[in-house]
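Below: my_file_27.csv (CSV, C-alpha atoms and all ligand atoms)
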chain,number,residue,atom,x,y,z
B,28,MET,CA,98.5,114.9,85.2
B,29,LYS,CA,95.8,112.6,85.7
B,30,MET,CA,92.4,113.9,84.9
B,31,ASP,CA,90.4,113.4,81.9
B,32,ARG,CA,92.9,111.7,79.7
B,33,ARG,CA,90.1,111.0,77.2
B,34,SER,CA,89.7,114.7,76.3
B,35,TRP,CA,93.5,115.0,76.2
B,36,LEU,CA,93.7,112.2,73.7
B,37,ALA,CA,90.8,113.5,71.7
B,38,ALA,CA,92.5,116.9,71.6
B,39,LEU,CA,95.7,115.2,70.3
B,40,GLY,CA,93.7,113.5,67.6
B,41,LEU,CA,94.8,110.0,68.5
B,42,GLY,CA,92.7,107.2,67.3
B,43,ALA,CA,94.3,104.1,66.0
B,44,VAL,CA,97.1,103.7,68.5
B,45,GLY,CA,94.6,102.8,71.2
B,46,ALA,CA,93.6,99.6,69.6
B,47,ILE,CA,95.1,97.3,72.2
B,48,THR,CA,93.8,98.7,75.5
B,49,GLY,CA,90.8,100.5,74.2
B,50,ARG,CA,91.3,104.2,74.6
B,51,GLU,CA,87.8,104.8,75.6
B,52,GLY,CA,87.9,102.3,78.4
B,53,ARG,CA,86.0,99.7,76.4
B,54,ALA,CA,87.4,96.5,75.1
B,55,ALA,CA,88.7,97.1,71.6
B,56,GLU,CA,89.3,94.9,68.6
B,57,PRO,CA,92.7,93.3,68.8
B,58,PRO,CA,95.0,94.2,66.0
B,59,ALA,CA,95.4,91.7,63.1
B,60,CYS,CA,97.5,88.6,63.6
B,61,PRO,CA,99.4,88.1,60.4
B,62,SER,CA,100.9,84.7,59.6
B,63,GLY,CA,103.3,83.2,57.2
B,64,GLY,CA,106.4,85.2,58.0
B,65,GLY,CA,107.6,88.5,56.7
B,66,PRO,CA,107.5,91.9,58.4
B,67,LEU,CA,105.2,92.2,61.4
B,68,PRO,CA,103.9,95.5,62.9
B,69,LEU,CA,104.9,95.8,66.5
B,70,GLU,CA,101.3,96.0,67.8
B,71,SER,CA,100.5,92.7,66.1
B,72,PHE,CA,103.3,90.9,67.8
B,73,ARG,CA,101.7,89.1,70.8
B,74,PRO,CA,103.9,86.1,71.5
B,75,ARG,CA,102.6,83.4,73.8
B,76,SER,CA,105.1,81.9,76.1
B,77,MET,CA,105.9,78.3,75.6
B,78,LEU,CA,107.4,77.9,79.1
B,79,HIS,CA,105.8,75.2,81.2
B,80,VAL,CA,106.4,76.5,84.7
B,81,LYS,CA,104.6,76.5,88.0
B,82,GLU,CA,101.6,78.7,88.1
B,83,THR,CA,100.3,79.5,91.6
B,84,LYS,CA,97.0,81.2,92.0
B,85,VAL,CA,97.2,83.5,95.0
B,86,ALA,CA,93.6,84.5,95.5
B,87,THR,CA,94.1,86.0,99.0
B,88,PRO,CA,97.1,87.4,100.8
B,89,ARG,CA,98.8,85.4,103.5
B,90,PHE,CA,98.1,88.3,105.8
B,91,PRO,CA,95.4,90.9,105.5
B,92,ALA,CA,96.5,93.7,103.2
B,93,ILE,CA,96.3,97.5,103.3
B,94,ASP,CA,96.7,99.2,99.9
B,95,VAL,CA,98.1,102.7,100.3
B,96,HIS,CA,97.8,103.8,96.7
B,97,THR,CA,94.3,104.0,95.1
B,98,HIS,CA,92.2,106.5,93.1
B,99,PHE,CA,88.5,106.2,93.8
B,100,THR,CA,88.0,109.9,93.2
B,101,TRP,CA,89.7,112.6,91.1
B,102,THR,CA,89.4,116.4,91.2
B,103,ALA,CA,87.1,117.1,88.3
B,104,SER,CA,87.8,120.8,87.9
B,105,GLU,CA,91.1,121.3,86.2
B,106,THR,CA,93.0,123.7,83.9
B,107,LYS,CA,95.3,121.9,81.5
B,108,GLY,CA,95.8,119.0,83.9
B,109,ILE,CA,96.2,121.2,87.0
B,110,ALA,CA,93.5,120.6,89.6
B,111,THR,CA,92.1,124.0,90.3
B,112,GLY,CA,88.7,123.6,91.9
B,113,GLU,CA,86.8,121.6,94.4
B,114,LYS,CA,84.5,119.6,92.2
B,115,ILE,CA,85.1,115.9,92.7
B,116,ALA,CA,84.4,113.0,90.4
B,117,PHE,CA,83.7,109.5,91.8
B,118,ASN,CA,85.3,106.6,89.9
B,119,ALA,CA,83.4,104.0,91.9
B,120,THR,CA,80.9,103.6,94.7
B,121,ALA,CA,82.0,102.5,98.1
B,122,LYS,CA,79.8,99.4,97.7
B,123,ASP,CA,81.5,98.3,94.5
B,124,VAL,CA,85.0,98.9,95.9
B,125,LEU,CA,84.3,97.0,99.1
B,126,ALA,CA,83.1,94.0,97.2
B,127,VAL,CA,86.6,93.6,95.6
B,128,LEU,CA,88.4,94.5,98.9
B,129,ASP,CA,86.4,91.9,100.8
B,130,ARG,CA,87.1,89.2,98.2
B,131,LYS,CA,90.8,90.0,98.2
B,132,GLN,CA,91.1,90.5,101.9
B,133,VAL,CA,92.2,94.1,101.7
B,134,ARG,CA,91.4,95.5,105.0
B,135,ALA,CA,91.8,99.2,104.1
B,136,VAL,CA,92.8,101.5,101.3
B,137,VAL,CA,94.3,104.9,101.1
B,138,ASN,CA,92.4,107.0,98.5
B,139,LEU,CA,95.0,109.5,97.4
B,140,THR,CA,93.2,112.0,95.2
B,141,GLY,CA,90.5,113.1,97.6
B,142,GLY,CA,90.5,116.7,96.5
B,143,THR,CA,90.0,119.8,98.5
B,144,GLY,CA,87.3,121.8,100.3
B,145,LYS,CA,83.8,120.6,99.4
B,146,GLY,CA,85.2,117.9,97.1
B,147,LEU,CA,87.1,116.5,100.0
B,148,GLU,CA,84.1,116.6,102.2
B,149,ALA,CA,82.0,114.7,99.6
B,150,THR,CA,84.7,112.1,99.4
B,151,LEU,CA,85.0,111.7,103.1
B,152,ASP,CA,81.2,111.4,103.4
B,153,ALA,CA,81.0,108.7,100.7
B,154,PHE,CA,84.0,106.6,101.8
B,155,ASP,CA,85.8,107.3,105.1
B,156,ARG,CA,82.8,108.4,107.2
B,157,ALA,CA,80.4,105.8,105.7
B,158,HIS,CA,82.8,102.9,106.2
B,159,PRO,CA,85.2,103.7,109.1
B,160,GLY,CA,88.4,101.7,109.0
B,161,ARG,CA,88.2,100.8,105.4
B,162,PHE,CA,89.0,104.1,103.6
B,163,TYR,CA,91.6,106.8,104.4
B,164,THR,CA,91.4,109.7,102.1
B,165,CYS,CA,94.1,112.3,101.3
B,166,THR,CA,93.8,115.9,100.4
B,167,GLU,CA,95.6,117.7,97.5
B,168,PRO,CA,97.4,121.0,97.0
B,169,LEU,CA,95.2,124.1,96.4
B,170,TYR,CA,96.6,125.0,93.0
B,171,GLY,CA,93.4,127.1,92.4
B,172,SER,CA,95.0,129.6,94.8
B,173,TRP,CA,98.4,129.5,93.3
B,174,LEU,CA,98.2,132.9,91.7
B,175,ASP,CA,97.2,134.5,95.0
B,176,PRO,CA,100.2,136.2,96.6
B,177,ARG,CA,99.1,134.7,99.9
B,178,TYR,CA,99.4,131.2,98.5
B,179,PRO,CA,101.9,129.7,101.0
B,180,GLN,CA,99.8,130.6,104.0
B,181,LEU,CA,96.5,129.8,102.3
B,182,GLN,CA,97.9,126.4,101.4
B,183,ALA,CA,99.1,125.8,105.0
B,184,ASP,CA,95.6,126.8,106.3
B,185,ALA,CA,94.0,124.4,103.8
B,186,ILE,CA,96.1,121.6,105.1
B,187,GLU,CA,95.0,122.4,108.7
B,188,ARG,CA,91.3,122.4,107.6
B,189,ALA,CA,91.7,119.2,105.7
B,190,ALA,CA,93.3,117.5,108.7
B,191,ARG,CA,90.5,118.7,110.9
B,192,ALA,CA,87.9,117.4,108.4
B,193,GLY,CA,89.6,113.9,108.6
B,194,ALA,CA,92.0,113.8,105.7
B,195,ARG,CA,94.8,111.3,106.4
B,196,GLY,CA,97.6,112.6,104.1
B,197,LEU,CA,98.5,114.9,101.3
B,198,LYS,CA,98.9,113.6,97.8
B,199,VAL,CA,101.2,115.5,95.5
B,200,LEU,CA,100.9,114.6,91.8
B,201,LYS,CA,103.7,115.0,89.3
B,202,ALA,CA,102.0,118.2,88.3
B,203,LEU,CA,104.5,119.6,90.7
B,204,GLY,CA,107.6,119.8,88.7
B,205,LEU,CA,106.1,118.8,85.3
B,206,GLY,CA,102.8,120.7,85.0
B,207,LEU,CA,102.4,123.7,87.3
B,208,ARG,CA,103.8,126.9,85.9
B,209,GLU,CA,104.5,130.4,87.3
B,210,ARG,CA,101.2,131.7,85.8
B,211,LEU,CA,99.4,128.4,86.5
B,212,THR,CA,99.6,127.0,83.0
B,213,GLU,CA,102.0,129.4,81.4
B,214,GLY,CA,105.5,130.6,82.1
B,215,ALA,CA,108.4,128.6,83.7
B,216,LEU,CA,107.7,125.3,85.3
B,217,VAL,CA,107.6,125.5,89.1
B,218,LYS,CA,110.3,123.4,90.7
B,219,VAL,CA,109.6,120.6,93.2
B,220,ASP,CA,111.6,122.4,95.9
B,221,ASP,CA,110.1,125.9,95.3
B,222,LYS,CA,110.0,127.7,98.6
B,223,ARG,CA,106.4,128.6,98.2
B,224,PHE,CA,105.6,125.1,99.3
B,225,ASP,CA,107.7,125.1,102.4
B,226,LEU,CA,104.7,126.0,104.6
B,227,MET,CA,102.7,123.2,103.1
B,228,TRP,CA,105.3,120.6,103.9
B,229,GLU,CA,105.6,122.0,107.4
B,230,ALA,CA,101.9,122.0,107.9
B,231,CYS,CA,101.8,118.3,107.0
B,232,ALA,CA,104.3,117.6,109.7
B,233,ALA,CA,102.4,119.7,112.2
B,234,HIS,CA,99.2,117.9,111.5
B,235,LYS,CA,100.8,114.5,111.2
B,236,LEU,CA,99.7,114.0,107.6
B,237,PRO,CA,102.2,111.9,105.5
B,238,VAL,CA,102.9,113.3,102.1
B,239,TYR,CA,102.3,110.8,99.3
B,240,ILE,CA,104.6,112.3,96.7
B,241,HIS,CA,104.9,111.4,93.0
B,242,VAL,CA,107.5,113.4,91.1
B,243,ALA,CA,109.1,112.5,87.7
B,244,ASP,CA,108.1,109.3,86.1
B,245,PRO,CA,109.9,106.3,84.6
B,246,GLU,CA,113.3,107.4,83.1
B,247,ALA,CA,112.1,106.2,79.7
B,248,PHE,CA,109.5,108.9,79.6
B,249,PHE,CA,112.3,111.5,79.5
B,250,LEU,CA,113.9,109.9,76.5
B,251,PRO,CA,112.9,110.1,72.8
B,252,ILE,CA,110.0,107.8,71.7
B,253,ASP,CA,112.0,105.8,69.2
B,254,CYS,CA,113.0,102.2,68.6
B,255,THR,CA,115.3,102.1,71.6
B,256,ASN,CA,112.6,103.2,74.1
B,257,GLU,CA,111.6,100.2,76.2
B,258,ARG,CA,108.2,101.9,76.8
B,259,TYR,CA,107.5,102.5,73.1
B,260,ASP,CA,104.0,100.8,73.3
B,261,GLU,CA,103.0,102.7,76.5
B,262,LEU,CA,104.1,106.1,75.2
B,263,GLY,CA,102.2,105.4,72.0
B,264,HIS,CA,99.1,104.9,74.0
B,265,HIS,CA,99.9,107.8,76.3
B,266,PRO,CA,101.9,110.4,74.4
B,267,GLU,CA,101.0,113.0,77.1
B,268,TRP,CA,103.3,111.0,79.5
B,269,SER,CA,106.4,111.9,77.5
B,270,PHE,CA,108.5,114.5,79.1
B,271,HIS,CA,111.3,114.5,76.5
B,272,GLY,CA,112.4,117.8,75.2
B,273,ARG,CA,110.4,121.1,75.3
B,274,ASP,CA,111.2,122.8,78.6
B,275,PHE,CA,110.9,119.8,80.9
B,276,PRO,CA,113.6,119.3,83.5
B,277,SER,CA,115.7,116.2,83.3
B,278,PHE,CA,114.9,113.2,85.5
B,279,ALA,CA,118.0,113.8,87.5
B,280,ALA,CA,117.2,117.5,88.1
B,281,ILE,CA,113.7,116.5,89.5
B,282,MET,CA,115.3,113.9,91.8
B,283,GLU,CA,117.8,116.5,93.1
B,284,ALA,CA,115.0,119.0,93.8
B,285,ARG,CA,113.0,116.3,95.6
B,286,ASP,CA,116.1,115.5,97.7
B,287,ARG,CA,116.3,119.1,98.7
B,288,VAL,CA,112.7,119.0,99.9
B,289,LEU,CA,113.4,115.8,101.9
B,290,ALA,CA,116.4,117.4,103.5
B,291,ARG,CA,114.7,120.7,104.3
B,292,HIS,CA,111.7,119.1,106.0
B,293,PRO,CA,113.0,116.3,108.2
B,294,LYS,CA,109.8,116.2,110.4
B,295,THR,CA,107.6,115.6,107.4
B,296,LEU,CA,107.1,112.0,106.5
B,297,PHE,CA,107.2,111.3,102.7
B,298,VAL,CA,105.9,108.2,100.9
B,299,GLY,CA,107.8,108.1,97.6
B,300,LEU,CA,105.1,106.7,95.3
B,301,HIS,CA,106.0,104.1,92.6
B,302,VAL,CA,109.0,102.8,94.6
B,303,GLY,CA,110.4,106.2,95.2
B,304,HIS,CA,109.7,107.2,91.6
B,305,ASN,CA,112.6,105.1,90.4
B,306,ALA,CA,111.8,101.4,90.5
B,307,GLU,CA,114.2,100.8,87.6
B,308,ASN,CA,117.1,101.9,89.8
B,309,LEU,CA,116.7,100.3,93.3
B,310,GLY,CA,120.3,101.3,94.0
B,311,PHE,CA,119.3,104.9,93.8
B,312,VAL,CA,116.1,104.3,95.9
B,313,SER,CA,118.3,102.6,98.5
B,314,GLU,CA,120.6,105.6,98.7
B,315,SER,CA,117.5,107.9,99.2
B,316,LEU,CA,116.2,105.6,102.0
B,317,ASP,CA,119.7,105.6,103.6
B,318,ARG,CA,120.1,109.3,103.4
B,319,PHE,CA,116.6,110.4,104.5
B,320,PRO,CA,115.0,108.8,107.5
B,321,ASN,CA,111.7,110.6,106.6
B,322,PHE,CA,111.5,108.8,103.3
B,323,THR,CA,109.5,105.6,102.7
B,324,VAL,CA,108.2,103.9,99.5
B,325,GLU,CA,105.3,102.0,98.1
B,326,THR,CA,104.9,99.6,95.2
B,327,GLY,CA,102.0,101.2,93.1
B,328,ALA,CA,102.0,100.4,89.4
B,329,ARG,CA,105.6,99.1,89.6
B,330,VAL,CA,105.2,95.4,90.1
B,331,GLY,CA,106.3,95.2,86.5
B,332,GLU,CA,109.6,96.8,87.4
B,333,LEU,CA,110.2,95.0,90.7
B,334,GLY,CA,109.3,91.7,89.1
B,335,ARG,CA,111.7,91.9,86.3
B,336,GLN,CA,114.7,92.2,88.7
B,337,PRO,CA,113.6,89.6,91.3
B,338,ARG,CA,117.0,89.1,93.0
B,339,THR,CA,117.6,92.8,93.4
B,340,SER,CA,114.0,93.3,94.5
B,341,ARG,CA,114.2,90.6,97.1
B,342,LYS,CA,117.3,92.1,98.6
B,343,PHE,CA,115.6,95.5,98.6
B,344,PHE,CA,112.6,94.2,100.5
B,345,GLU,CA,114.9,92.4,103.0
B,346,LYS,CA,116.9,95.5,103.7
B,347,TYR,CA,114.0,98.0,103.8
B,348,GLN,CA,111.3,95.7,105.1
B,349,ASP,CA,110.1,98.3,107.6
B,350,ARG,CA,109.8,101.1,105.1
B,351,ILE,CA,107.9,99.6,102.1
B,352,PHE,CA,104.1,99.7,101.8
B,353,LEU,CA,101.9,97.7,99.5
B,354,GLY,CA,100.3,100.0,96.9
B,355,THR,CA,98.7,99.2,93.6
B,356,ASP,CA,97.7,102.7,92.1
B,357,ALA,CA,94.4,101.1,91.3
B,358,VAL,CA,91.9,103.0,89.2
B,359,PRO,CA,88.4,101.5,88.8
B,360,PRO,CA,87.1,100.8,85.3
B,361,PRO,CA,86.1,102.1,82.9
B,362,ASP,CA,88.9,104.7,83.2
B,363,GLY,CA,91.2,102.1,84.7
B,364,ASN,CA,91.0,100.1,81.5
B,365,ASN,CA,93.2,102.7,80.0
B,366,TYR,CA,96.0,101.7,82.4
B,367,PRO,CA,95.7,97.8,82.3
B,368,GLN,CA,98.5,97.5,84.9
B,369,GLN,CA,96.4,99.4,87.4
B,370,VAL,CA,92.8,98.4,86.7
B,371,PHE,CA,91.0,97.9,90.0
B,372,LYS,CA,89.8,94.3,90.0
B,373,ASP,CA,90.4,91.0,91.7
B,374,GLU,CA,93.2,89.9,89.3
B,375,LEU,CA,95.2,93.1,90.0
B,376,TYR,CA,95.6,92.1,93.7
B,377,GLU,CA,96.3,88.5,92.8
B,378,ILE,CA,99.3,89.7,90.7
B,379,TYR,CA,100.8,91.6,93.6
B,380,TYR,CA,100.2,88.7,96.0
B,381,ARG,CA,101.8,86.3,93.6
B,382,PHE,CA,104.8,88.5,93.1
B,383,LEU,CA,105.3,89.0,96.9
B,384,GLU,CA,104.6,85.4,98.0
B,385,THR,CA,105.7,83.0,95.3
B,386,GLU,CA,108.8,82.2,93.3
B,387,ASP,CA,106.7,81.7,90.2
B,388,GLU,CA,108.5,82.6,87.0
B,389,TYR,CA,107.7,84.6,83.9
B,390,PHE,CA,104.1,85.8,84.4
B,391,ASP,CA,102.1,88.8,83.4
B,392,TYR,CA,102.3,91.9,85.6
B,393,ALA,CA,98.9,93.3,84.2
B,394,PRO,CA,95.6,91.6,84.6
B,395,PRO,CA,93.7,90.2,81.5
B,396,PRO,CA,92.6,91.2,79.0
B,397,ALA,CA,95.9,93.1,78.4
B,398,LEU,CA,97.2,91.5,75.1
B,399,VAL,CA,100.6,92.9,75.4
B,400,PRO,CA,102.5,93.9,78.6
B,401,PRO,CA,101.3,97.5,78.8
B,402,GLN,CA,104.4,99.2,80.4
B,403,GLY,CA,107.0,97.3,78.5
B,404,ARG,CA,107.4,93.9,76.8
B,405,TRP,CA,108.6,91.7,79.6
B,406,GLN,CA,107.3,89.3,82.2
B,407,ILE,CA,107.9,89.1,85.9
B,408,TYR,CA,109.1,86.7,88.6
B,409,GLY,CA,108.0,86.3,92.2
B,410,ILE,CA,110.3,87.1,95.1
B,411,GLY,CA,108.9,84.6,97.6
B,412,LEU,CA,109.2,86.7,100.8
B,413,PRO,CA,109.1,85.0,104.2
B,414,ASP,CA,106.1,85.6,106.5
B,415,SER,CA,108.1,88.0,108.7
B,416,ILE,CA,108.5,90.4,105.9
B,417,LEU,CA,105.1,89.8,104.2
B,418,LYS,CA,103.4,90.8,107.4
B,419,LYS,CA,105.1,94.1,107.5
B,420,VAL,CA,104.6,94.9,103.8
B,421,TYR,CA,101.0,93.8,103.7
B,422,HIS,CA,99.8,95.7,106.8
B,423,GLU,CA,102.1,96.4,109.8
B,424,ASN,CA,104.0,99.2,108.1
B,425,ALA,CA,100.8,100.8,106.8
B,426,GLU,CA,99.3,100.5,110.3
B,427,ARG,CA,102.1,102.6,111.6
B,428,LEU,CA,101.8,105.1,108.7
B,429,LEU,CA,98.1,105.5,109.3
B,430,GLY,CA,98.3,105.4,113.1
B,431,LEU,CA,96.1,102.3,113.4
B,432,SER,CA,96.2,99.6,115.9
B,433,ALA,CA,96.8,96.1,114.6
T,1,ZN,ZN,98.6,107.1,91.5
Go ahead and express the file in the form of structure tokens.
Amino acid sequence: MKMDRRSWLAALGLGAVGAITGREGRAAEPPACPSGGGPLPLESFRPRSMLHVKETKVATPRFPAIDVHTHFTWTASETKGIATGEKIAFNATAKDVLAVLDRKQVRAVVNLTGGTGKGLEATLDAFDRAHPGRFYTCTEPLYGSWLDPRYPQLQADAIERAARAGARGLKVLKALGLGLRERLTEGALVKVDDKRFDLMWEACAAHKLPVYIHVADPEAFFLPIDCTNERYDELGHHPEWSFHGRDFPSFAAIMEARDRVLARHPKTLFVGLHVGHNAENLGFVSESLDRFPNFTVETGARVGELGRQPRTSRKFFEKYQDRIFLGTDAVPPPDGNNYPQQVFKDELYEIYYRFLETEDEYFDYAPPPALVPPQGRWQIYGIGLPDSILKKVYHENAERLLGLSA
């Protein structure tokens, strides 16, 4: 549930907790820095590493990159976090985006949240059609028609229309499983493997649109927000990301429902966003990849997870080198400032490049000016991939996904 977090937060009456990242997307005053010993509030604890280790600046990738996970548009018409209309909001102009992409040698991006109908057309006009070869936009489910008894067919028809208009995939947000309900925003939560979506998954296969799917979230979001939660800071900033309690399904139940979808639609190609929604558990992701040939993954907003388990990650990249895409989950400022690990700027790409290419140790996974690691209080390590794998992860795999020639 993506849109308009600012009004969400305002509704929740949250003020002070946003001090570090700047809830309004503006730089905020850092919390006090007490000295002299004694108790220290968590948000004031901002230790500086005293390690003197190699720091490699990787300004450009060793091979041209394709970023398969970005958000330059959002659907602007929503009902309690469910996209229900065609109105689209632009997070950046193509010109501003291209300036960063050119500096960082990103050849092309996939803009996932391209909307539907007229919104999709507007996105395609502004990005894909204006700059061929640089932008590939995806459509989204037609939840505005969810209450119509003809929904499954209407949805399949919308996929066909979107494909004809030039959409290059379908993006499914975690609203499926955690937001959409029987009566749109009321009643029981609709499950990821609900049969009413079967025609949608099949239409994607028929029109060769990969499905970029995001279900569940980090396991810590399904646990109590207490002193044992490793994402305590992050959940403090984004309490709406907590799926603990109430009527939310468990993390495992969502994964099982996802697996039933993967099994039922073998001709549909799925890109499991955020390292298959389970970057903390690469063993689990490996099993998914082994079990489902129609499953692939990308790295968006999870360099912090991959980089804190560099040896496991390196083996994962070696084994699945043909099925991993580079993705960042980039969101342009000012909204992107609310998610410092995803803010669309030069330094974001440099972190991913450094992680993939170097064996540097103990560095930040979020670009400055994040004062505290925003997803959890740890640092990351590079995995120093060889050229043969870098080439695939940077662009060859994505070229196949998008049907491009090299
Ligand atoms: Zn995303």
Closest-contact table, chain B side, partner ligand ZN 1 (chain T), 12 Å, counting all atoms listed in the file, as a tab-separated table:
residue	atom	partner	partner_atom	distance
B:Met28	CA	T:ZN1	ZN	10.0
B:Lys29	CA	T:ZN1	ZN	8.5
B:Met30	CA	T:ZN1	ZN	11.3
B:Asp94	CA	T:ZN1	ZN	11.7
B:Val95	CA	T:ZN1	ZN	9.9
B:His96	CA	T:ZN1	ZN	6.2
B:Thr97	CA	T:ZN1	ZN	6.4
B:His98	CA	T:ZN1	ZN	6.6
B:Phe99	CA	T:ZN1	ZN	10.4
B:Thr100	CA	T:ZN1	ZN	11.1
B:Trp101	CA	T:ZN1	ZN	10.5
B:Val137	CA	T:ZN1	ZN	10.7
B:Asn138	CA	T:ZN1	ZN	9.4
B:Leu139	CA	T:ZN1	ZN	7.3
B:Thr140	CA	T:ZN1	ZN	8.2
B:Gly141	CA	T:ZN1	ZN	11.8
B:Cys165	CA	T:ZN1	ZN	12.0
B:Lys198	CA	T:ZN1	ZN	9.1
B:Val199	CA	T:ZN1	ZN	9.7
B:Leu200	CA	T:ZN1	ZN	7.9
B:Lys201	CA	T:ZN1	ZN	9.7
B:Tyr239	CA	T:ZN1	ZN	9.4
B:Ile240	CA	T:ZN1	ZN	9.5
B:His241	CA	T:ZN1	ZN	7.8
B:Val242	CA	T:ZN1	ZN	10.9
B:Asp244	CA	T:ZN1	ZN	11.1
B:Val298	CA	T:ZN1	ZN	12.0
B:Gly299	CA	T:ZN1	ZN	11.1
B:Leu300	CA	T:ZN1	ZN	7.5
B:His301	CA	T:ZN1	ZN	8.1
B:Val302	CA	T:ZN1	ZN	11.7
B:His304	CA	T:ZN1	ZN	11.1
B:Glu325	CA	T:ZN1	ZN	10.7
B:Thr326	CA	T:ZN1	ZN	10.5
B:Gly327	CA	T:ZN1	ZN	7.0
B:Ala328	CA	T:ZN1	ZN	7.8
B:Arg329	CA	T:ZN1	ZN	10.8
B:Gly354	CA	T:ZN1	ZN	9.1
B:Thr355	CA	T:ZN1	ZN	8.2
B:Asp356	CA	T:ZN1	ZN	4.5
B:Ala357	CA	T:ZN1	ZN	7.3
B:Val358	CA	T:ZN1	ZN	8.2
B:Pro359	CA	T:ZN1	ZN	11.9
B:Gly363	CA	T:ZN1	ZN	11.2
B:Tyr366	CA	T:ZN1	ZN	10.9
B:Gln368	CA	T:ZN1	ZN	11.7
B:Gln369	CA	T:ZN1	ZN	9.0
B:Val370	CA	T:ZN1	ZN	11.5
Shell of 10 Å around Ala280 in chain B, only C-alpha atoms, local chain residues under 5 positions omitted, as a ChimeraX atom specification
/B:204,218-219,243,275,285-286
Contact check, range 370-408 of chain B to range 58-78 of chain B, at most 9 Å, counting all atoms listed in the file, closest pairs as CSV:
residue,atom,partner,partner_atom,distance
B:Tyr389,CA,B:Leu78,CA,8.2
B:Leu398,CA,B:Arg73,CA,6.7
B:Val399,CA,B:Arg73,CA,6.1
Applying 12 Å and all atoms listed in the file, which residues near Ala185 in chain B remain after dropping the ones on its own chain fewer than 6 positions away? List them as a PyMOL selection string.
chain B and resi 142-145+147+166-172+178-179+191-192+194+197+226-228+230-231+234
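Separating CA of Arg381 in chain B from CA of Val85 in chain B is a distance of 5.6 Å.
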So that I can check the surroundings of Trp173 in chain B, please list as an MDAnalysis selection string every protein, DNA and RNA residue that reaches within 12 Å of it, counting all atoms listed in the file and ignoring chain neighbours fewer than 3 positions away.
chainID B and resid 109:112 168:170 176:182 203 207:212 217 223:224
List the spatial neighbours of Thr87 in chain B as JSON, numbers by chain - criterion: any atom at most 12 Å away, all atoms listed in the file, same-chain residues fewer than 5 positions off excluded.
{"B": [92, 127, 128, 129, 130, 131, 132, 133, 134, 373, 374, 375, 376, 377, 378, 379, 380, 381, 383, 384, 421]}
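Among the candidates B:His264, B:Thr385, B:Ala202, B:Lys294, the residue lying nearest to Pro367 in chain B is B:His264 (atoms considered: all atoms listed in the file).
Distances to Asn256 in chain B were evaluated for B:Gly193, B:Gly403, B:Pro396, B:Gly214 using all atoms listed in the file, and the minimum falls at B:Gly403.
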